[in-house]
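my_file.cif follows; it contains mmCIF, C-alpha atoms, pLDDT in the B column; chains and numbers go by the auth columns.
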```cif
data_final
#
loop_
_atom_site.group_PDB
_atom_site.id
_atom_site.type_symbol
_atom_site.label_atom_id
_atom_site.label_comp_id
_atom_site.label_asym_id
_atom_site.label_seq_id
_atom_site.Cartn_x
_atom_site.Cartn_y
_atom_site.Cartn_z
_atom_site.B_iso_or_equiv
_atom_site.auth_seq_id
_atom_site.auth_asym_id
ATOM 1 C CA MET A 1 94.231 88.433 129.390 70.00 30 T
ATOM 2 C CA ASN A 2 91.310 89.136 131.691 71.00 31 T
ATOM 3 C CA PHE A 3 89.000 92.133 131.668 71.00 32 T
ATOM 4 C CA LYS A 4 86.482 93.264 134.235 59.00 33 T
ATOM 5 C CA THR A 5 82.794 92.816 133.570 57.00 34 T
ATOM 6 C CA SER A 6 81.647 95.574 131.271 58.00 35 T
ATOM 7 C CA SER A 7 79.705 98.159 133.217 53.00 36 T
ATOM 8 C CA ILE A 8 78.077 98.996 129.907 56.00 37 T
ATOM 9 C CA THR A 9 76.662 95.615 128.872 61.00 38 T
ATOM 10 C CA GLY A 10 76.902 93.869 132.250 68.00 39 T
ATOM 11 C CA LYS A 11 78.440 90.833 130.552 70.00 40 T
ATOM 12 C CA PRO A 12 81.840 89.448 131.554 75.00 41 T
ATOM 13 C CA PHE A 13 84.275 89.818 128.668 79.00 42 T
ATOM 14 C CA PRO A 14 85.810 86.434 127.756 83.00 43 T
ATOM 15 C CA THR A 15 89.386 85.679 128.780 84.00 44 T
ATOM 16 C CA LEU A 16 91.753 86.151 125.839 87.00 45 T
ATOM 17 C CA ASP A 17 94.575 83.748 125.050 86.00 46 T
ATOM 18 C CA SER A 18 98.280 84.571 124.837 90.00 47 T
ATOM 19 C CA GLN A 19 98.119 85.245 121.085 93.00 48 T
ATOM 20 C CA TRP A 20 96.842 88.773 121.796 94.00 49 T
ATOM 21 C CA SER A 21 99.237 91.691 122.111 95.00 50 T
ATOM 22 C CA LYS A 22 99.602 93.513 125.383 93.00 51 T
ATOM 23 C CA PRO A 23 97.570 96.756 125.588 93.00 52 T
ATOM 24 C CA LEU A 24 99.249 99.487 123.536 96.00 53 T
ATOM 25 C CA PRO A 25 98.509 103.201 123.886 97.00 54 T
ATOM 26 C CA PHE A 26 96.526 104.539 120.912 97.00 55 T
ATOM 27 C CA THR A 27 99.396 106.542 119.413 96.00 56 T
ATOM 28 C CA LYS A 28 100.632 107.008 115.855 95.00 57 T
ATOM 29 C CA GLU A 29 103.914 105.353 116.834 97.00 58 T
ATOM 30 C CA ASN A 30 102.216 102.180 118.063 97.00 59 T
ATOM 31 C CA ILE A 31 99.830 102.095 115.118 97.00 60 T
ATOM 32 C CA SER A 32 102.728 102.445 112.657 95.00 61 T
ATOM 33 C CA MET A 33 104.313 99.277 114.082 95.00 62 T
ATOM 34 C CA LEU A 34 101.234 97.136 113.401 95.00 63 T
ATOM 35 C CA PRO A 35 101.496 94.455 110.727 93.00 64 T
ATOM 36 C CA ASP A 36 99.609 94.745 107.446 90.00 65 T
ATOM 37 C CA SER A 37 98.194 91.270 107.966 92.00 66 T
ATOM 38 C CA THR A 38 94.686 89.995 108.617 94.00 67 T
ATOM 39 C CA GLY A 39 93.543 89.995 112.233 95.00 68 T
ATOM 40 C CA VAL A 40 91.313 91.335 114.972 96.00 69 T
ATOM 41 C CA TYR A 41 91.699 94.488 117.061 96.00 70 T
ATOM 42 C CA ILE A 42 89.974 95.616 120.238 95.00 71 T
ATOM 43 C CA PHE A 43 89.817 99.236 121.360 95.00 72 T
ATOM 44 C CA LEU A 44 89.941 99.831 125.100 93.00 73 T
ATOM 45 C CA ASN A 45 88.779 102.855 127.069 92.00 74 T
ATOM 46 C CA GLN A 46 90.760 104.546 129.851 92.00 75 T
ATOM 47 C CA LYS A 47 89.662 101.871 132.340 88.00 76 T
ATOM 48 C CA GLU A 48 90.913 99.221 129.865 87.00 77 T
ATOM 49 C CA THR A 49 87.361 98.032 129.230 87.00 78 T
ATOM 50 C CA PRO A 50 86.889 96.667 125.697 90.00 79 T
ATOM 51 C CA ILE A 51 84.621 99.091 123.830 90.00 80 T
ATOM 52 C CA TYR A 52 84.892 98.023 120.177 93.00 81 T
ATOM 53 C CA VAL A 53 85.992 94.920 118.265 94.00 82 T
ATOM 54 C CA GLY A 54 86.980 95.062 114.617 94.00 83 T
ATOM 55 C CA ARG A 55 88.502 92.715 112.081 94.00 84 T
ATOM 56 C CA THR A 56 90.546 93.039 108.950 92.00 85 T
ATOM 57 C CA ILE A 57 90.566 91.158 105.668 84.00 86 T
ATOM 58 C CA ASN A 58 93.192 90.492 103.030 77.00 87 T
ATOM 59 C CA GLY A 59 93.647 93.094 100.324 68.00 88 T
ATOM 60 C CA ASP A 60 94.845 96.615 99.713 65.00 89 T
ATOM 61 C CA TYR A 61 94.262 99.046 102.584 68.00 90 T
ATOM 62 C CA SER A 62 92.666 96.423 104.775 80.00 91 T
ATOM 63 C CA GLY A 63 95.344 95.062 107.120 91.00 92 T
ATOM 64 C CA LEU A 64 95.583 95.708 110.856 94.00 93 T
ATOM 65 C CA LYS A 65 97.731 98.811 110.440 94.00 94 T
ATOM 66 C CA HIS A 66 95.382 100.459 107.953 92.00 95 T
ATOM 67 C CA ARG A 67 92.168 99.655 109.847 92.00 96 T
ATOM 68 C CA VAL A 68 93.431 100.850 113.237 94.00 97 T
ATOM 69 C CA GLN A 69 95.067 103.903 111.644 93.00 98 T
ATOM 70 C CA SER A 70 91.754 104.872 110.055 89.00 99 T
ATOM 71 C CA TYR A 71 90.376 105.599 113.543 90.00 100 T
ATOM 72 C CA ALA A 72 93.222 108.036 114.253 89.00 101 T
ATOM 73 C CA GLU A 73 92.985 110.003 111.005 83.00 102 T
ATOM 74 C CA LYS A 74 90.894 113.067 110.320 75.00 103 T
ATOM 75 C CA ASP A 75 87.593 112.086 108.802 72.00 104 T
ATOM 76 C CA ASP A 76 84.350 113.803 107.879 67.00 105 T
ATOM 77 C CA PHE A 77 82.522 110.843 109.487 65.00 106 T
ATOM 78 C CA SER A 78 79.901 110.726 106.737 67.00 107 T
ATOM 79 C CA VAL A 79 80.826 107.183 105.727 68.00 108 T
ATOM 80 C CA HIS A 80 81.553 105.881 109.236 71.00 109 T
ATOM 81 C CA PRO A 81 79.611 107.907 111.848 74.00 110 T
ATOM 82 C CA THR A 82 80.515 105.392 114.589 76.00 111 T
ATOM 83 C CA LYS A 83 84.109 106.653 114.404 80.00 112 T
ATOM 84 C CA LYS A 84 82.984 110.120 115.523 80.00 113 T
ATOM 85 C CA ILE A 85 81.402 108.697 118.668 84.00 114 T
ATOM 86 C CA LEU A 86 84.065 106.075 119.331 88.00 115 T
ATOM 87 C CA ARG A 87 87.304 107.986 118.745 90.00 116 T
ATOM 88 C CA PRO A 88 87.300 110.142 121.928 91.00 117 T
ATOM 89 C CA HIS A 89 86.942 106.999 124.041 93.00 118 T
ATOM 90 C CA ILE A 90 89.832 105.011 122.540 95.00 119 T
ATOM 91 C CA HIS A 91 92.692 104.947 125.016 96.00 120 T
ATOM 92 C CA SER A 92 94.565 101.830 123.932 96.00 121 T
ATOM 93 C CA PHE A 93 94.187 98.742 121.803 96.00 122 T
ATOM 94 C CA ILE A 94 95.147 95.093 121.544 96.00 123 T
ATOM 95 C CA TYR A 95 95.346 92.927 118.450 96.00 124 T
ATOM 96 C CA ARG A 96 96.118 89.478 117.155 95.00 125 T
ATOM 97 C CA LYS A 97 96.916 88.123 113.714 95.00 126 T
ATOM 98 C CA THR A 98 94.705 85.381 112.329 94.00 127 T
ATOM 99 C CA THR A 99 93.050 84.220 109.111 94.00 128 T
ATOM 100 C CA GLU A 100 90.017 85.978 107.615 93.00 129 T
ATOM 101 C CA GLU A 101 87.790 83.129 108.775 94.00 130 T
ATOM 102 C CA GLY A 102 89.312 83.204 112.251 95.00 131 T
ATOM 103 C CA ALA A 103 88.945 86.989 112.428 94.00 132 T
ATOM 104 C CA LYS A 104 85.242 86.799 111.593 94.00 133 T
ATOM 105 C CA LYS A 105 84.606 84.141 114.253 94.00 134 T
ATOM 106 C CA ILE A 106 86.496 86.101 116.913 94.00 135 T
ATOM 107 C CA GLU A 107 84.795 89.388 116.029 93.00 136 T
ATOM 108 C CA ASP A 108 81.325 87.814 116.014 91.00 137 T
ATOM 109 C CA LYS A 109 81.931 86.330 119.471 90.00 138 T
ATOM 110 C CA LEU A 110 83.598 89.316 121.146 91.00 139 T
ATOM 111 C CA LYS A 111 81.498 92.180 119.760 88.00 140 T
ATOM 112 C CA GLN A 112 78.625 90.985 121.944 85.00 141 T
ATOM 113 C CA PHE A 113 80.490 92.427 124.940 84.00 142 T
ATOM 114 C CA THR A 114 81.088 95.984 123.682 86.00 143 T
ATOM 115 C CA ILE A 115 78.980 99.119 123.430 82.00 144 T
ATOM 116 C CA TYR A 116 80.214 100.576 120.138 84.00 145 T
ATOM 117 C CA ASN A 117 79.656 97.531 117.926 83.00 146 T
ATOM 118 C CA ALA A 118 76.277 98.599 116.585 70.00 147 T
ATOM 119 C CA ASP A 119 75.259 95.135 115.465 71.00 148 T
ATOM 120 C CA ASN A 120 75.625 93.301 118.777 64.00 149 T
ATOM 121 C CA GLU A 121 72.872 91.866 120.979 63.00 150 T
ATOM 122 C CA TYR A 122 73.163 94.713 123.519 59.00 151 T
ATOM 123 C CA ASN A 123 72.535 97.466 120.964 61.00 152 T
ATOM 124 C CA GLU A 124 69.849 95.507 119.131 59.00 153 T
ATOM 125 C CA ALA A 125 67.937 95.186 122.449 58.00 154 T
ATOM 126 C CA LYS A 126 68.388 98.915 123.137 55.00 155 T
ATOM 127 C CA LYS A 127 66.832 99.739 119.749 53.00 156 T
ATOM 128 C CA LYS A 128 63.714 97.781 120.729 59.00 157 T
ATOM 129 C CA GLU A 129 63.237 99.625 124.053 57.00 158 T
#
```

Produce structure tokens that represent the structure in this file.
Amino acid sequence: MNFKTSSITGKPFPTLDSQWSKPLPFTKENISMLPDSTGVYIFLNQKETPIYVGRTINGDYSGLKHRVQSYAEKDDFSVHPTKKILRPHIHSFIYRKTTEEGAKKIEDKLKQFTIYNADNEYNEAKKKE
């Protein structure tokens, strides 16, 4: 799967292999069909530009379905203020199942190309300006 260069970070998003899902609209129906397994998810904006990368771990309330669903639920945003900023921009998402170790590696690599991952190189540089 290929994405255009991010107009936000100016970096070309890496090509994704065939293990990723096709883009799915960010709807309750699509979220409810997600597996409860460990994996990585990417939120896309209306132009299908990746805007956020997240990962899941093993354990209660931590699989793909729960993590993606948490962005669609009502929230007071006090614990996760990024959700308040991010949610209006989520148009669709893609995901892939993997191990916890694999999920961390993928997230660490791909979050460098998004604007809403607060701990990426792009946002760290912006903080210093």

When you draw a straight line from atom CA of T:Ile80 to atom CA of T:Lys140, how long is it in Å?
->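 Separation between atom CA of T:Ile80 and atom CA of T:Lys140: 8.6 Å.
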
Within 10 Å of T:Gly131, counting only C-alpha atoms, which residues show up once you throw out same-chain ones fewer than 6 positions away? Write them as a compact mmCIF listing (two decimals) with C-alpha atoms, in the frame of the given file, please.
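Final file, around.txt:
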```txt
# COMPACT_ATOMS: atom_id res chain seq x y z
CA THR T 67 94.69 90.00 108.62
CA GLY T 68 93.54 90.00 112.23
CA VAL T 69 91.31 91.34 114.97
CA ARG T 84 88.50 92.72 112.08
CA ASP T 137 81.32 87.81 116.01
```

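Reported to one decimal place, the separation of atom CA of T:Met62 from atom CA of T:Ala147 is 28.2 Å.
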
Spatial neighbours of T:Glu130, max dist 10 Å, all atoms listed in the file, sep filter under 3 positions, as a CSV table (one decimal) with C-alpha atoms, keeping the file's coordinate frame:
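Listed below is the output, around07.csv:
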```
chain,number,residue,atom,x,y,z
T,67,THR,CA,94.7,90.0,108.6
T,68,GLY,CA,93.5,90.0,112.2
T,86,ILE,CA,90.6,91.2,105.7
T,127,THR,CA,94.7,85.4,112.3
T,133,LYS,CA,85.2,86.8,111.6
T,134,LYS,CA,84.6,84.1,114.3
T,135,ILE,CA,86.5,86.1,116.9
```

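From atom CA of T:Thr78 back to atom CA of T:Asp46, the distance works out to 16.5 Å.
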
Write out as a VMD selection string the residues lying within 8 Å of T:Ala101, counting only C-alpha atoms and excluding same-chain residues fewer than 3 positions away.
-> chain T and resid 57 97 to 98 116

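For the file shown, the residue list from the PyMOL selection byres ((chain T and resi 145) around 8) reads T:Ile80, T:Tyr81, T:Thr111, T:Leu115, T:Thr143, T:Ile144, T:Asn146, T:Ala147.
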
Polymer residues at most 8 Å from T:His118, only C-alpha atoms, same-chain spacing of 3 or more positions, as a count of residues only = 5

Around stretch 80-88 of chain T, with edges along x, y and z and 4 Å added on all six sides, what centre and edge lengths do you get, in Å to one decimal, as AutoDock Vina command-line options?
```
--center_x 89.1 --center_y 94.8 --center_z 112.1 --size_x 17.0 --size_y 16.6 --size_z 31.5
```

Close residues, T:Glu77 itself excluded, 12 Å, all atoms listed in the file, min 2 positions apart in chain, as a PDB file with C-alpha atoms, in the frame of the given file:
```pdb
ATOM      1  CA  MET T  30      94.231  88.433 129.390  1.00 70.00           C
ATOM      2  CA  ASN T  31      91.310  89.136 131.691  1.00 71.00           C
ATOM      3  CA  PHE T  32      89.000  92.133 131.668  1.00 71.00           C
ATOM      4  CA  LYS T  33      86.482  93.264 134.235  1.00 59.00           C
ATOM      5  CA  THR T  34      82.794  92.816 133.570  1.00 57.00           C
ATOM      6  CA  SER T  35      81.647  95.574 131.271  1.00 58.00           C
ATOM      7  CA  SER T  36      79.705  98.159 133.217  1.00 53.00           C
ATOM      8  CA  PHE T  42      84.275  89.818 128.668  1.00 79.00           C
ATOM      9  CA  LYS T  51      99.602  93.513 125.383  1.00 93.00           C
ATOM     10  CA  PRO T  52      97.570  96.756 125.588  1.00 93.00           C
ATOM     11  CA  LEU T  53      99.249  99.487 123.536  1.00 96.00           C
ATOM     12  CA  PRO T  54      98.509 103.201 123.886  1.00 97.00           C
ATOM     13  CA  PHE T  55      96.526 104.539 120.912  1.00 97.00           C
ATOM     14  CA  ILE T  71      89.974  95.616 120.238  1.00 95.00           C
ATOM     15  CA  PHE T  72      89.817  99.236 121.360  1.00 95.00           C
ATOM     16  CA  LEU T  73      89.941  99.831 125.100  1.00 93.00           C
ATOM     17  CA  ASN T  74      88.779 102.855 127.069  1.00 92.00           C
ATOM     18  CA  GLN T  75      90.760 104.546 129.851  1.00 92.00           C
ATOM     19  CA  PRO T  79      86.889  96.667 125.697  1.00 90.00           C
ATOM     20  CA  ILE T  80      84.621  99.091 123.830  1.00 90.00           C
ATOM     21  CA  TYR T  81      84.892  98.023 120.177  1.00 93.00           C
ATOM     22  CA  HIS T 118      86.942 106.999 124.041  1.00 93.00           C
ATOM     23  CA  ILE T 119      89.832 105.011 122.540  1.00 95.00           C
ATOM     24  CA  HIS T 120      92.692 104.947 125.016  1.00 96.00           C
ATOM     25  CA  SER T 121      94.565 101.830 123.932  1.00 96.00           C
ATOM     26  CA  PHE T 122      94.187  98.742 121.803  1.00 96.00           C
ATOM     27  CA  ILE T 123      95.147  95.093 121.544  1.00 96.00           C
TER      28      ILE T 123
END
```
